[in-house]
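Data file: data27.pdb. Format and content: PDB, C-alpha atoms.
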MODEL        1
ATOM      1  CA  MET A 134     -14.700 -25.660   6.475
ATOM      2  CA  THR A 135     -13.656 -22.568   4.522
ATOM      3  CA  LEU A 136     -10.222 -21.849   3.057
ATOM      4  CA  ARG A 137      -8.733 -18.517   4.131
ATOM      5  CA  ALA A 138      -5.538 -16.618   3.276
ATOM      6  CA  VAL A 139      -4.023 -15.742   6.657
ATOM      7  CA  ILE A 140      -1.265 -13.189   7.240
ATOM      8  CA  LYS A 141       1.670 -14.981   8.873
ATOM      9  CA  GLY A 142       4.269 -12.227   8.753
ATOM     10  CA  VAL A 143       4.740  -8.555   7.953
ATOM     11  CA  GLY A 144       7.773  -6.350   7.423
ATOM     12  CA  HIS A 145       8.936  -3.085   5.923
ATOM     13  CA  TYR A 146      11.945  -1.132   4.735
ATOM     14  CA  LEU A 147      12.563   2.617   4.699
ATOM     15  CA  PRO A 148      15.567   4.375   3.148
ATOM     16  CA  THR A 149      17.940   5.942   5.654
ATOM     17  CA  ARG A 150      17.634   9.427   4.165
ATOM     18  CA  ILE A 151      14.916  11.355   6.004
ATOM     19  CA  VAL A 152      13.717  14.595   4.404
ATOM     20  CA  GLU A 153      12.032  17.045   6.757
ATOM     21  CA  ASN A 154       9.552  19.595   5.378
ATOM     22  CA  ALA A 155      12.018  22.401   6.037
ATOM     23  CA  GLU A 156      14.359  21.060   3.328
ATOM     24  CA  PHE A 157      11.914  22.213   0.653
ATOM     25  CA  GLU A 158      12.061  25.838   1.822
ATOM     26  CA  ALA A 159      15.362  26.399   0.007
ATOM     27  CA  THR A 160      13.940  25.630  -3.451
ATOM     28  CA  LEU A 161      10.165  26.113  -3.218
ATOM     29  CA  ASP A 162       7.704  28.753  -2.038
ATOM     30  CA  THR A 163       6.583  26.568   0.844
ATOM     31  CA  ASN A 164       7.271  25.869   4.500
ATOM     32  CA  ASP A 165       6.718  23.262   7.181
ATOM     33  CA  GLU A 166       3.467  24.823   8.408
ATOM     34  CA  TRP A 167       1.982  24.962   4.883
ATOM     35  CA  ILE A 168       2.784  21.306   4.179
ATOM     36  CA  ARG A 169       1.545  20.054   7.560
ATOM     37  CA  ALA A 170      -1.693  22.014   7.359
ATOM     38  CA  ARG A 171      -2.604  20.647   3.927
ATOM     39  CA  SER A 172      -1.376  17.069   4.210
ATOM     40  CA  GLY A 173      -0.367  16.165   7.756
ATOM     41  CA  ILE A 174       3.084  15.230   6.433
ATOM     42  CA  GLU A 175       6.120  16.198   8.508
ATOM     43  CA  ARG A 176       8.850  14.149   6.844
ATOM     44  CA  ARG A 177       9.431  11.388   4.315
ATOM     45  CA  HIS A 178      12.188   8.991   3.240
ATOM     46  CA  PHE A 179      13.967   9.209  -0.130
ATOM     47  CA  ALA A 180      15.898   6.361  -1.720
ATOM     48  CA  GLY A 181      19.642   6.839  -1.882
ATOM     49  CA  ASP A 182      22.179   5.875  -4.534
ATOM     50  CA  GLY A 183      21.928   2.183  -5.258
ATOM     51  CA  GLU A 184      18.512   1.830  -3.635
ATOM     52  CA  THR A 185      15.805   0.695  -6.026
ATOM     53  CA  THR A 186      12.220  -0.442  -5.845
ATOM     54  CA  SER A 187      13.332  -4.064  -6.107
ATOM     55  CA  SER A 188      16.056  -3.773  -3.452
ATOM     56  CA  MET A 189      13.655  -2.146  -0.984
ATOM     57  CA  ALA A 190      10.976  -4.741  -1.809
ATOM     58  CA  THR A 191      13.483  -7.510  -1.162
ATOM     59  CA  ALA A 192      14.401  -6.096   2.256
ATOM     60  CA  ALA A 193      10.723  -5.822   3.233
ATOM     61  CA  ALA A 194      10.044  -9.362   2.015
ATOM     62  CA  ARG A 195      12.953 -10.738   4.064
ATOM     63  CA  ALA A 196      11.596  -9.056   7.189
ATOM     64  CA  ALA A 197       8.123 -10.510   6.586
ATOM     65  CA  LEU A 198       9.523 -13.984   5.942
ATOM     66  CA  ASP A 199      11.562 -13.794   9.138
ATOM     67  CA  MET A 200       8.448 -12.948  11.162
ATOM     68  CA  ALA A 201       6.597 -15.837   9.514
ATOM     69  CA  GLY A 202       9.478 -18.237  10.232
ATOM     70  CA  LEU A 203       9.745 -19.118   6.543
ATOM     71  CA  VAL A 204      12.407 -19.135   3.827
ATOM     72  CA  PRO A 205      11.952 -17.922   0.223
ATOM     73  CA  ASP A 206      11.466 -21.425  -1.190
ATOM     74  CA  ASP A 207       8.489 -21.958   1.113
ATOM     75  CA  VAL A 208       6.639 -19.450  -1.079
ATOM     76  CA  ASP A 209       4.669 -20.272  -4.224
ATOM     77  CA  ALA A 210       3.709 -16.778  -5.441
ATOM     78  CA  LEU A 211       5.401 -13.392  -5.137
ATOM     79  CA  ILE A 212       3.514 -10.245  -6.165
ATOM     80  CA  VAL A 213       4.936  -6.730  -6.196
ATOM     81  CA  ALA A 214       2.550  -3.769  -6.367
ATOM     82  CA  THR A 215       4.430  -0.819  -7.831
ATOM     83  CA  SER A 216       4.247   2.028 -10.339
ATOM     84  CA  THR A 217       8.007   2.606 -10.199
ATOM     85  CA  ALA A 218       9.607  -0.681 -11.209
ATOM     86  CA  ASP A 219      13.369  -0.558 -11.786
ATOM     87  CA  LEU A 220      12.951  -1.191 -15.533
ATOM     88  CA  THR A 221      10.117  -1.272 -18.058
ATOM     89  CA  PHE A 222      10.653  -5.023 -17.955
ATOM     90  CA  PRO A 223      11.345  -7.536 -16.537
ATOM     91  CA  SER A 224       9.015  -7.133 -13.592
ATOM     92  CA  ALA A 225      10.275  -5.914 -10.243
ATOM     93  CA  ALA A 226       8.816  -9.123  -8.800
ATOM     94  CA  THR A 227      11.147 -11.383 -10.784
ATOM     95  CA  MET A 228      14.065  -9.221  -9.646
ATOM     96  CA  VAL A 229      12.952  -9.656  -6.036
ATOM     97  CA  GLN A 230      12.554 -13.390  -6.636
ATOM     98  CA  ALA A 231      16.195 -13.539  -7.771
ATOM     99  CA  GLN A 232      17.481 -11.318  -4.953
ATOM    100  CA  LEU A 233      15.718 -13.488  -2.370
ATOM    101  CA  GLY A 234      17.174 -16.639  -3.911
ATOM    102  CA  MET A 235      13.674 -18.009  -4.463
ATOM    103  CA  THR A 236      14.148 -20.924  -6.886
ATOM    104  CA  ARG A 237      10.554 -22.058  -7.277
ATOM    105  CA  GLY A 238       7.083 -20.622  -7.761
ATOM    106  CA  PHE A 239       6.235 -17.554  -9.828
ATOM    107  CA  ALA A 240       6.427 -13.772  -9.557
ATOM    108  CA  PHE A 241       4.683 -10.843 -11.224
ATOM    109  CA  ASP A 242       3.888  -7.143 -10.791
ATOM    110  CA  ILE A 243       0.539  -5.402 -10.372
ATOM    111  CA  GLN A 244       0.167  -1.730 -11.250
ATOM    112  CA  ALA A 245      -2.802   0.117  -9.763
ATOM    113  CA  VAL A 246      -0.797   3.077  -8.395
ATOM    114  CA  CYS A 247      -1.741   3.898  -4.784
ATOM    115  CA  ALA A 248      -4.379   1.144  -4.781
ATOM    116  CA  GLY A 249      -1.802  -1.384  -5.966
ATOM    117  CA  PHE A 250      -1.373  -3.217  -2.672
ATOM    118  CA  ILE A 251      -5.140  -3.719  -2.316
ATOM    119  CA  PHE A 252      -5.303  -5.144  -5.847
ATOM    120  CA  ALA A 253      -2.252  -7.343  -5.214
ATOM    121  CA  LEU A 254      -3.608  -8.625  -1.902
ATOM    122  CA  SER A 255      -6.913  -9.456  -3.565
ATOM    123  CA  ASN A 256      -5.109 -11.364  -6.326
ATOM    124  CA  ALA A 257      -2.962 -13.273  -3.847
ATOM    125  CA  ASN A 258      -6.109 -14.198  -1.934
ATOM    126  CA  ALA A 259      -7.668 -15.516  -5.145
ATOM    127  CA  LEU A 260      -4.549 -17.584  -5.929
ATOM    128  CA  ILE A 261      -4.695 -19.185  -2.499
ATOM    129  CA  LEU A 262      -8.456 -19.822  -2.568
ATOM    130  CA  SER A 263      -8.172 -21.382  -6.041
ATOM    131  CA  GLY A 264      -5.384 -23.703  -4.915
ATOM    132  CA  GLN A 265      -2.761 -22.254  -7.237
ATOM    133  CA  ALA A 266      -0.633 -21.209  -4.271
ATOM    134  CA  LYS A 267      -0.355 -22.297  -0.656
ATOM    135  CA  ARG A 268       1.806 -19.368   0.415
ATOM    136  CA  GLY A 269       2.406 -15.947  -1.102
ATOM    137  CA  ILE A 270       4.344 -12.771  -0.478
ATOM    138  CA  VAL A 271       2.593  -9.502  -1.345
ATOM    139  CA  ILE A 272       4.841  -6.448  -1.482
ATOM    140  CA  GLY A 273       4.146  -2.773  -2.061
ATOM    141  CA  ALA A 274       7.279  -0.842  -3.030
ATOM    142  CA  GLU A 275       7.869   2.580  -4.597
ATOM    143  CA  THR A 276      10.584   5.105  -5.441
ATOM    144  CA  PHE A 277       8.279   8.018  -6.240
ATOM    145  CA  SER A 278      11.101  10.488  -5.556
ATOM    146  CA  ARG A 279      12.359   9.633  -9.065
ATOM    147  CA  ILE A 280       9.163  10.675 -10.868
ATOM    148  CA  LEU A 281       8.456  14.010  -9.175
ATOM    149  CA  ASP A 282       8.510  17.534 -10.593
ATOM    150  CA  TRP A 283      10.689  19.367  -8.075
ATOM    151  CA  THR A 284       9.281  22.727  -9.169
ATOM    152  CA  ASP A 285       5.687  21.761  -8.337
ATOM    153  CA  ARG A 286       5.103  22.416  -4.642
ATOM    154  CA  SER A 287       1.624  20.896  -4.808
ATOM    155  CA  THR A 288       3.000  17.407  -5.521
ATOM    156  CA  CYS A 289       6.706  17.003  -4.765
ATOM    157  CA  VAL A 290       6.297  17.581  -1.023
ATOM    158  CA  LEU A 291       3.691  14.827  -0.689
ATOM    159  CA  PHE A 292       5.490  11.644  -1.699
ATOM    160  CA  GLY A 293       8.108   9.345  -0.240
ATOM    161  CA  ASP A 294       9.854   6.035  -0.872
ATOM    162  CA  GLY A 295       9.714   2.705   0.924
ATOM    163  CA  ALA A 296       8.404  -0.837   0.904
ATOM    164  CA  GLY A 297       6.173  -3.105   2.960
ATOM    165  CA  ALA A 298       5.342  -6.793   2.661
ATOM    166  CA  VAL A 299       3.035  -9.464   4.045
ATOM    167  CA  VAL A 300       3.286 -13.241   3.901
ATOM    168  CA  LEU A 301       0.012 -15.119   3.342
ATOM    169  CA  GLU A 302      -0.656 -18.789   3.999
ATOM    170  CA  ALA A 303      -3.640 -21.006   3.307
ATOM    171  CA  ALA A 304      -5.510 -22.079   6.442
ATOM    172  CA  GLN A 305      -8.879 -23.592   7.234
ATOM    173  CA  GLY A 306     -11.603 -21.512   8.850
ATOM    174  CA  VAL A 307     -15.178 -22.256   9.785
ATOM    175  CA  GLY A 308     -16.680 -19.765   7.349
ATOM    176  CA  THR A 309     -17.653 -17.008   9.774
ATOM    177  CA  PRO A 310     -16.313 -13.468  10.352
ATOM    178  CA  ALA A 311     -14.458 -14.892  13.369
ATOM    179  CA  ASP A 312     -12.021 -16.662  11.001
ATOM    180  CA  ARG A 313      -8.485 -15.345  10.780
ATOM    181  CA  GLY A 314      -7.430 -14.246   7.294
ATOM    182  CA  ILE A 315      -8.917 -12.276   4.435
ATOM    183  CA  LEU A 316     -12.699 -12.163   4.811
ATOM    184  CA  SER A 317     -13.612 -10.059   1.766
ATOM    185  CA  THR A 318     -12.262  -7.796  -0.961
ATOM    186  CA  ASP A 319     -13.780  -5.085  -3.133
ATOM    187  CA  LEU A 320     -12.094  -3.642  -6.236
ATOM    188  CA  LYS A 321     -13.228  -0.747  -8.430
ATOM    189  CA  SER A 322     -11.851   1.458 -11.220
ATOM    190  CA  ASP A 323     -13.017   4.182 -13.595
ATOM    191  CA  GLY A 324     -10.701   5.133 -16.441
ATOM    192  CA  THR A 325     -12.616   8.308 -17.298
ATOM    193  CA  TYR A 326     -10.744  10.039 -14.454
ATOM    194  CA  ARG A 327      -7.282   9.465 -15.959
ATOM    195  CA  GLU A 328      -6.398  13.166 -16.088
ATOM    196  CA  LEU A 329      -6.771  13.613 -12.332
ATOM    197  CA  LEU A 330      -3.598  11.702 -11.472
ATOM    198  CA  TYR A 331      -1.032  10.400 -13.954
ATOM    199  CA  VAL A 332       2.602  10.453 -15.061
ATOM    200  CA  ASP A 333       3.208  12.327 -18.304
ATOM    201  CA  GLY A 334       5.731   9.843 -19.696
ATOM    202  CA  GLY A 335       6.027   6.285 -20.942
ATOM    203  CA  VAL A 336       6.684   4.362 -24.134
ATOM    204  CA  SER A 337       4.434   6.723 -26.095
ATOM    205  CA  THR A 338       6.654   9.707 -25.227
ATOM    206  CA  GLY A 339      10.051   8.059 -24.871
ATOM    207  CA  THR A 340      10.498   9.723 -21.482
ATOM    208  CA  THR A 341      10.074   8.641 -17.883
ATOM    209  CA  GLY A 342       7.831  11.621 -17.193
ATOM    210  CA  VAL A 343       6.775  13.156 -13.896
ATOM    211  CA  LEU A 344       3.691  12.955 -11.726
ATOM    212  CA  ARG A 345       0.775  15.290 -12.446
ATOM    213  CA  MET A 346      -2.185  15.622 -10.108
ATOM    214  CA  GLN A 347      -5.339  17.674  -9.716
ATOM    215  CA  GLY A 348      -5.241  17.484  -5.950
ATOM    216  CA  ASN A 349      -8.605  19.075  -5.181
ATOM    217  CA  GLN A 350     -10.411  16.734  -7.569
ATOM    218  CA  VAL A 351      -8.631  13.647  -6.220
ATOM    219  CA  PHE A 352      -9.584  14.690  -2.680
ATOM    220  CA  ARG A 353     -13.222  15.104  -3.722
ATOM    221  CA  HIS A 354     -13.380  11.564  -5.080
ATOM    222  CA  ALA A 355     -11.242   9.959  -2.375
ATOM    223  CA  VAL A 356     -13.408  10.257   0.738
ATOM    224  CA  GLU A 357     -16.606   9.184  -1.010
ATOM    225  CA  LYS A 358     -15.085   6.276  -2.916
ATOM    226  CA  LEU A 359     -12.997   5.009   0.013
ATOM    227  CA  SER A 360     -15.933   4.998   2.416
ATOM    228  CA  GLN A 361     -18.115   3.280  -0.179
ATOM    229  CA  THR A 362     -15.631   0.502  -0.951
ATOM    230  CA  ALA A 363     -14.920  -0.086   2.740
ATOM    231  CA  THR A 364     -18.654  -0.312   3.457
ATOM    232  CA  THR A 365     -19.137  -2.755   0.571
ATOM    233  CA  ALA A 366     -16.259  -4.952   1.731
ATOM    234  CA  MET A 367     -17.534  -4.974   5.317
ATOM    235  CA  ALA A 368     -20.997  -5.997   4.160
ATOM    236  CA  SER A 369     -19.481  -8.833   2.101
ATOM    237  CA  ALA A 370     -17.552  -9.995   5.167
ATOM    238  CA  GLY A 371     -20.669  -9.874   7.347
ATOM    239  CA  VAL A 372     -19.268  -7.259   9.724
ATOM    240  CA  GLU A 373     -20.195  -3.696  10.664
ATOM    241  CA  ALA A 374     -18.150  -0.623  11.508
ATOM    242  CA  CYS A 375     -18.690  -1.214  15.228
ATOM    243  CA  ASP A 376     -16.877  -4.576  14.882
ATOM    244  CA  VAL A 377     -13.726  -2.994  13.433
ATOM    245  CA  ASP A 378     -10.607  -2.805  15.584
ATOM    246  CA  TRP A 379      -8.429  -0.897  13.124
ATOM    247  CA  ILE A 380      -8.684   0.989   9.864
ATOM    248  CA  VAL A 381      -5.365   0.925   8.018
ATOM    249  CA  PRO A 382      -5.913   3.375   5.167
ATOM    250  CA  HIS A 383      -3.724   4.469   2.291
ATOM    251  CA  GLN A 384      -1.537   7.168   3.810
ATOM    252  CA  ALA A 385      -1.954  10.005   1.318
ATOM    253  CA  ASN A 386      -3.328  12.931   3.269
ATOM    254  CA  ILE A 387      -4.472  13.253   6.874
ATOM    255  CA  ARG A 388      -7.632  15.108   5.816
ATOM    256  CA  ILE A 389      -8.656  12.203   3.551
ATOM    257  CA  ILE A 390      -7.932   9.753   6.356
ATOM    258  CA  GLN A 391      -9.981  11.803   8.831
ATOM    259  CA  GLY A 392     -12.823  12.325   6.359
ATOM    260  CA  THR A 393     -13.083   8.629   5.539
ATOM    261  CA  ALA A 394     -13.050   7.594   9.203
ATOM    262  CA  LYS A 395     -15.786  10.120   9.971
ATOM    263  CA  LYS A 396     -17.917   8.877   7.085
ATOM    264  CA  LEU A 397     -17.530   5.319   8.367
ATOM    265  CA  GLY A 398     -18.488   6.461  11.865
ATOM    266  CA  LEU A 399     -15.181   5.402  13.406
ATOM    267  CA  PRO A 400     -12.974   7.472  15.745
ATOM    268  CA  MET A 401      -9.395   8.370  14.825
ATOM    269  CA  ASP A 402      -8.086   6.315  17.738
ATOM    270  CA  LYS A 403      -9.052   3.266  15.662
ATOM    271  CA  VAL A 404      -6.989   4.441  12.675
ATOM    272  CA  VAL A 405      -3.342   3.535  12.114
ATOM    273  CA  VAL A 406      -1.687   6.761  10.932
ATOM    274  CA  THR A 407       1.869   6.942   9.551
ATOM    275  CA  VAL A 408       1.500   9.691   6.921
ATOM    276  CA  GLN A 409       3.318  12.202   9.146
ATOM    277  CA  ASP A 410       6.536  10.159   8.975
ATOM    278  CA  HIS A 411       6.390   8.549   5.523
ATOM    279  CA  GLY A 412       4.374  10.846   3.281
ATOM    280  CA  ASN A 413       2.485   9.174   0.451
ATOM    281  CA  THR A 414       4.418   6.043  -0.499
ATOM    282  CA  SER A 415       1.749   4.959  -2.980
ATOM    283  CA  ALA A 416       1.448   1.141  -3.169
ATOM    284  CA  ALA A 417       3.860   0.799  -0.226
ATOM    285  CA  SER A 418       1.806   2.863   2.208
ATOM    286  CA  ILE A 419      -0.648   0.217   3.454
ATOM    287  CA  PRO A 420       1.860  -2.603   4.048
ATOM    288  CA  LEU A 421       4.189  -0.044   5.655
ATOM    289  CA  ALA A 422       1.377   1.054   7.961
ATOM    290  CA  LEU A 423       0.438  -2.567   8.743
ATOM    291  CA  SER A 424       4.031  -3.339   9.679
ATOM    292  CA  VAL A 425       4.384  -0.200  11.797
ATOM    293  CA  GLY A 426       1.007  -0.870  13.425
ATOM    294  CA  VAL A 427       2.172  -4.333  14.461
ATOM    295  CA  ALA A 428       5.526  -3.002  15.680
ATOM    296  CA  ARG A 429       3.752  -0.348  17.771
ATOM    297  CA  GLY A 430       1.603  -3.004  19.393
ATOM    298  CA  GLN A 431      -1.584  -1.588  17.880
ATOM    299  CA  ILE A 432      -2.551  -4.490  15.607
ATOM    300  CA  LYS A 433      -2.766  -7.801  17.449
ATOM    301  CA  ARG A 434      -3.765 -11.354  16.591
ATOM    302  CA  GLY A 435      -7.537 -11.628  16.185
ATOM    303  CA  ASP A 436      -8.093  -7.921  15.420
ATOM    304  CA  LEU A 437     -10.538  -7.046  12.646
ATOM    305  CA  VAL A 438      -8.778  -4.777  10.159
ATOM    306  CA  VAL A 439     -10.229  -2.762   7.272
ATOM    307  CA  THR A 440      -7.776  -1.364   4.749
ATOM    308  CA  GLU A 441      -8.618   0.792   1.726
ATOM    309  CA  ALA A 442      -6.874   2.856  -0.945
ATOM    310  CA  ILE A 443      -7.452   4.973  -4.042
ATOM    311  CA  GLY A 444      -4.978   5.885  -6.768
ATOM    312  CA  GLY A 445      -4.526   6.916 -10.366
ATOM    313  CA  GLY A 446      -6.809   5.316 -12.885
ATOM    314  CA  LEU A 447      -8.838   6.031 -10.889
ATOM    315  CA  ALA A 448      -8.582   2.681  -9.117
ATOM    316  CA  TRP A 449      -9.755   1.975  -5.582
ATOM    317  CA  GLY A 450     -10.699  -0.864  -3.285
ATOM    318  CA  ALA A 451     -10.784  -2.350   0.188
ATOM    319  CA  VAL A 452      -9.885  -5.551   2.032
ATOM    320  CA  VAL A 453     -11.385  -6.774   5.296
ATOM    321  CA  LEU A 454      -9.250  -9.247   7.239
ATOM    322  CA  ARG A 455      -8.807 -10.686  10.676
ATOM    323  CA  TRP A 456      -5.205 -10.517  11.831
TER
ENDMDL
END
Starting from the coordinates I provided, produce the structure as structure tokens.
Amino acid sequence: MTLRAVIKGVGHYLPTRIVENAEFEATLDTNDEWIRARSGIERRHFAGDGETTSSMATAAARAALDMAGLVPDDVDALIVATSTADLTFPSAATMVQAQLGMTRGFAFDIQAVCAGFIFALSNANALILSGQAKRGIVIGAETFSRILDWTDRSTCVLFGDGAGAVVLEAAQGVGTPADRGILSTDLKSDGTYRELLYVDGGVSTGTTGVLRMQGNQVFRHAVEKLSQTATTAMASAGVEACDVDWIVPHQANIRIIQGTAKKLGLPMDKVVVTVQDHGNTSAASIPLALSVGVARGQIKRGDLVVTEAIGGGLAWGAVVLRW
């Protein structure tokens, strides 16, 4: 028998404020057609007054727990993937732990920018396989609207806020790709590409800073690195592209999503796409897309899912799982 980390529940939260592309026309030299053509984004959600990364993460976690039929104290480990925690410290995860009323277990953050959920999911899987946790909640949550340069049309129109969560539980499999749960993970990073995507603030500057990105360079790396990590993870799981039911990619740019699918030899009708409605929600984008994919009736029990992401660092990776 083989121990697996199986997804038991999924949920998400989006702020009520929806920002259509046309809203940017009043302050920027841009328009709906320009934004759609370059990114595929039509609208995004922005956090309102009183909404924080931790409050959105908590709402997503509650939804995932409800689907799983569990309560907070059934959980051993809570991980939040975010680059926009409420405070420098304590972690957003401990804030979520308190807001949920979770009185046991442990909580911590992981920061790998847009690849954060992949890194967090991989860590939760390792905790379960090592026996340190029987159940875990993995959350991706971001309020990127608070670290954007509103004069930079190349970046501020791309990002949105939100949160998504999954509940994992240890279960026995037979050790084949037919098992439900996480079948393989692949993580990579290369710090020499720091200047391609970063925030120009932090403790060294005494400011929060805003996001800076060399979009063309990030695009150039994204398709190649995402297809490579997905291929590596599939090989580790003992599956091939023809076995895949769904790709659930990081929702950054429709052209990256299309390019990666093409490189993997998979049609777009096997790709869960939400970028048009959410924009790039960084670490939240994959769990958001998983939750929406389930709600739409796309992702069903037993489906083979490949999910991959790349973000600042650069950091990138993939997870292969059976729903």
Polymer residues at most 9 Å from Arg345 (chain A), all atoms listed in the file, same-chain spacing of 5 or more positions, as a compact mmCIF listing (two decimals) with C-alpha atoms, in the frame of the given file:
# COMPACT_ATOMS: atom_id res chain seq x y z
CA LEU A 281 8.46 14.01 -9.18
CA ASP A 282 8.51 17.53 -10.59
CA THR A 288 3.00 17.41 -5.52
CA GLU A 328 -6.40 13.17 -16.09
CA LEU A 329 -6.77 13.61 -12.33
CA LEU A 330 -3.60 11.70 -11.47
CA TYR A 331 -1.03 10.40 -13.95
CA VAL A 332 2.60 10.45 -15.06
CA ASP A 333 3.21 12.33 -18.30
Give as a PyMOL selection string the residues that the PyMOL selection byres ((chain A and resi 140) around 10) matches when applied to the coordinates above.
chain A and resi 137-139+141-143+197+201+268-270+299-304+313-315+434+454-456
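Each of A:Gly348, A:Gly295, A:Gly249, A:Gly306 was checked against Gly444 (chain A) using all atoms listed in the file; the smallest atom-to-atom distance is that of A:Gly249.
Nearest residue to Trp167 (chain A), choosing from A:Ile390, A:Val208, A:Ile432, A:Ala155 and counting only C-alpha atoms: A:Ala155.
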Mind pulling up the distance from CA of Ala311 (chain A) to CA of Ala416 (chain A)?
28.0 Å
Any chance you could work out the residue set of the PyMOL selection byres ((chain A and resi 381) around 6) here, as a PyMOL selection string?
chain A and resi 380+382+405+440
Ground truth for the PyMOL selection byres ((chain A and resi 235-242) around 9), written as a VMD selection string:
chain A and resid 204 to 215 218 224 to 234 243 to 244 253 266
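CA of Leu421 (chain A) to CA of Thr217 (chain A) spans 16.5 Å [interatomic distance, one decimal].
Nearest residue to Gly335 (chain A) among A:Val271, A:Ile280, A:Pro148, A:Ala196 is A:Ile280, counting all atoms listed in the file.
Between CA of Arg150 (chain A) and CA of Met189 (chain A) lies a distance of 13.3 Å.
Closest approach to Thr341 (chain A) among A:Thr221, A:Glu166, A:Leu136, A:Leu198 is made by A:Thr221 (distances from all atoms listed in the file).
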Within 9 Å of Ile251 (chain A) using all atoms listed in the file, minus same-chain residues under 2 positions, as a JSON list (two decimals) with C-alpha atoms, keeping the file's coordinate frame:
[["chain", "number", "residue", "atom", "x", "y", "z"],
["A", 214, "ALA", "CA", 2.55, -3.77, -6.37],
["A", 245, "ALA", "CA", -2.80, 0.12, -9.76],
["A", 247, "CYS", "CA", -1.74, 3.90, -4.78],
["A", 248, "ALA", "CA", -4.38, 1.14, -4.78],
["A", 249, "GLY", "CA", -1.80, -1.38, -5.97],
["A", 253, "ALA", "CA", -2.25, -7.34, -5.21],
["A", 254, "LEU", "CA", -3.61, -8.62, -1.90],
["A", 255, "SER", "CA", -6.91, -9.46, -3.56],
["A", 256, "ASN", "CA", -5.11, -11.36, -6.33],
["A", 318, "THR", "CA", -12.26, -7.80, -0.96],
["A", 319, "ASP", "CA", -13.78, -5.08, -3.13],
["A", 320, "LEU", "CA", -12.09, -3.64, -6.24],
["A", 416, "ALA", "CA", 1.45, 1.14, -3.17],
["A", 419, "ILE", "CA", -0.65, 0.22, 3.45],
["A", 440, "THR", "CA", -7.78, -1.36, 4.75],
["A", 441, "GLU", "CA", -8.62, 0.79, 1.73],
["A", 442, "ALA", "CA", -6.87, 2.86, -0.94],
["A", 449, "TRP", "CA", -9.76, 1.98, -5.58],
["A", 450, "GLY", "CA", -10.70, -0.86, -3.28],
["A", 451, "ALA", "CA", -10.78, -2.35, 0.19],
["A", 452, "VAL", "CA", -9.88, -5.55, 2.03]]
Using only C-alpha atoms, the best pick from A:Gln409, A:Lys358, A:Ala194, A:Val377 as closest to Gly392 (chain A) would be A:Lys358
Please check which residues have atoms at most 8 Å from (-17.9, -14.6, 11.1) in the file's coordinates, counting all atoms listed in the file, and write them as JSON, numbers by chain.
{"A": [308, 309, 310, 311, 312, 370, 371, 372]}
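Each of A:Asp410, A:Glu153, A:Gly445, A:Glu184 was checked against Thr325 (chain A) using all atoms listed in the file; the smallest atom-to-atom distance is that of A:Gly445.
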For region 153-164 of chain A, supply N, CA and C atoms and format the output as a short mmCIF file (atom, residue, chain, number, x, y, z; two decimals), in the frame of the given file.
data_model
loop_
_atom_site.label_atom_id
_atom_site.label_comp_id
_atom_site.auth_asym_id
_atom_site.auth_seq_id
_atom_site.Cartn_x
_atom_site.Cartn_y
_atom_site.Cartn_z
N GLU A 153 13.00 16.24 6.00
CA GLU A 153 12.03 17.05 6.76
C GLU A 153 11.42 18.10 5.84
N ASN A 154 10.23 18.57 6.19
CA ASN A 154 9.55 19.60 5.38
C ASN A 154 10.43 20.82 5.14
N ALA A 155 11.21 21.19 6.13
CA ALA A 155 12.02 22.40 6.04
C ALA A 155 13.01 22.36 4.88
N GLU A 156 13.40 21.16 4.44
CA GLU A 156 14.36 21.06 3.33
C GLU A 156 13.82 21.68 2.04
N PHE A 157 12.50 21.69 1.88
CA PHE A 157 11.91 22.21 0.65
C PHE A 157 11.92 23.75 0.61
N GLU A 158 12.13 24.37 1.76
CA GLU A 158 12.06 25.84 1.82
C GLU A 158 13.15 26.51 0.99
N ALA A 159 14.25 25.81 0.76
CA ALA A 159 15.36 26.40 0.01
C ALA A 159 15.07 26.50 -1.48
N THR A 160 14.18 25.67 -2.01
CA THR A 160 13.94 25.63 -3.45
C THR A 160 12.50 25.92 -3.85
N LEU A 161 11.57 25.93 -2.89
CA LEU A 161 10.16 26.11 -3.22
C LEU A 161 9.54 27.19 -2.33
N ASP A 162 8.47 27.79 -2.83
CA ASP A 162 7.70 28.75 -2.04
C ASP A 162 6.77 27.96 -1.13
N THR A 163 7.35 27.39 -0.09
CA THR A 163 6.58 26.57 0.84
C THR A 163 7.29 26.57 2.19
N ASN A 164 6.65 26.00 3.19
CA ASN A 164 7.27 25.87 4.50
C ASN A 164 6.61 24.72 5.25
#
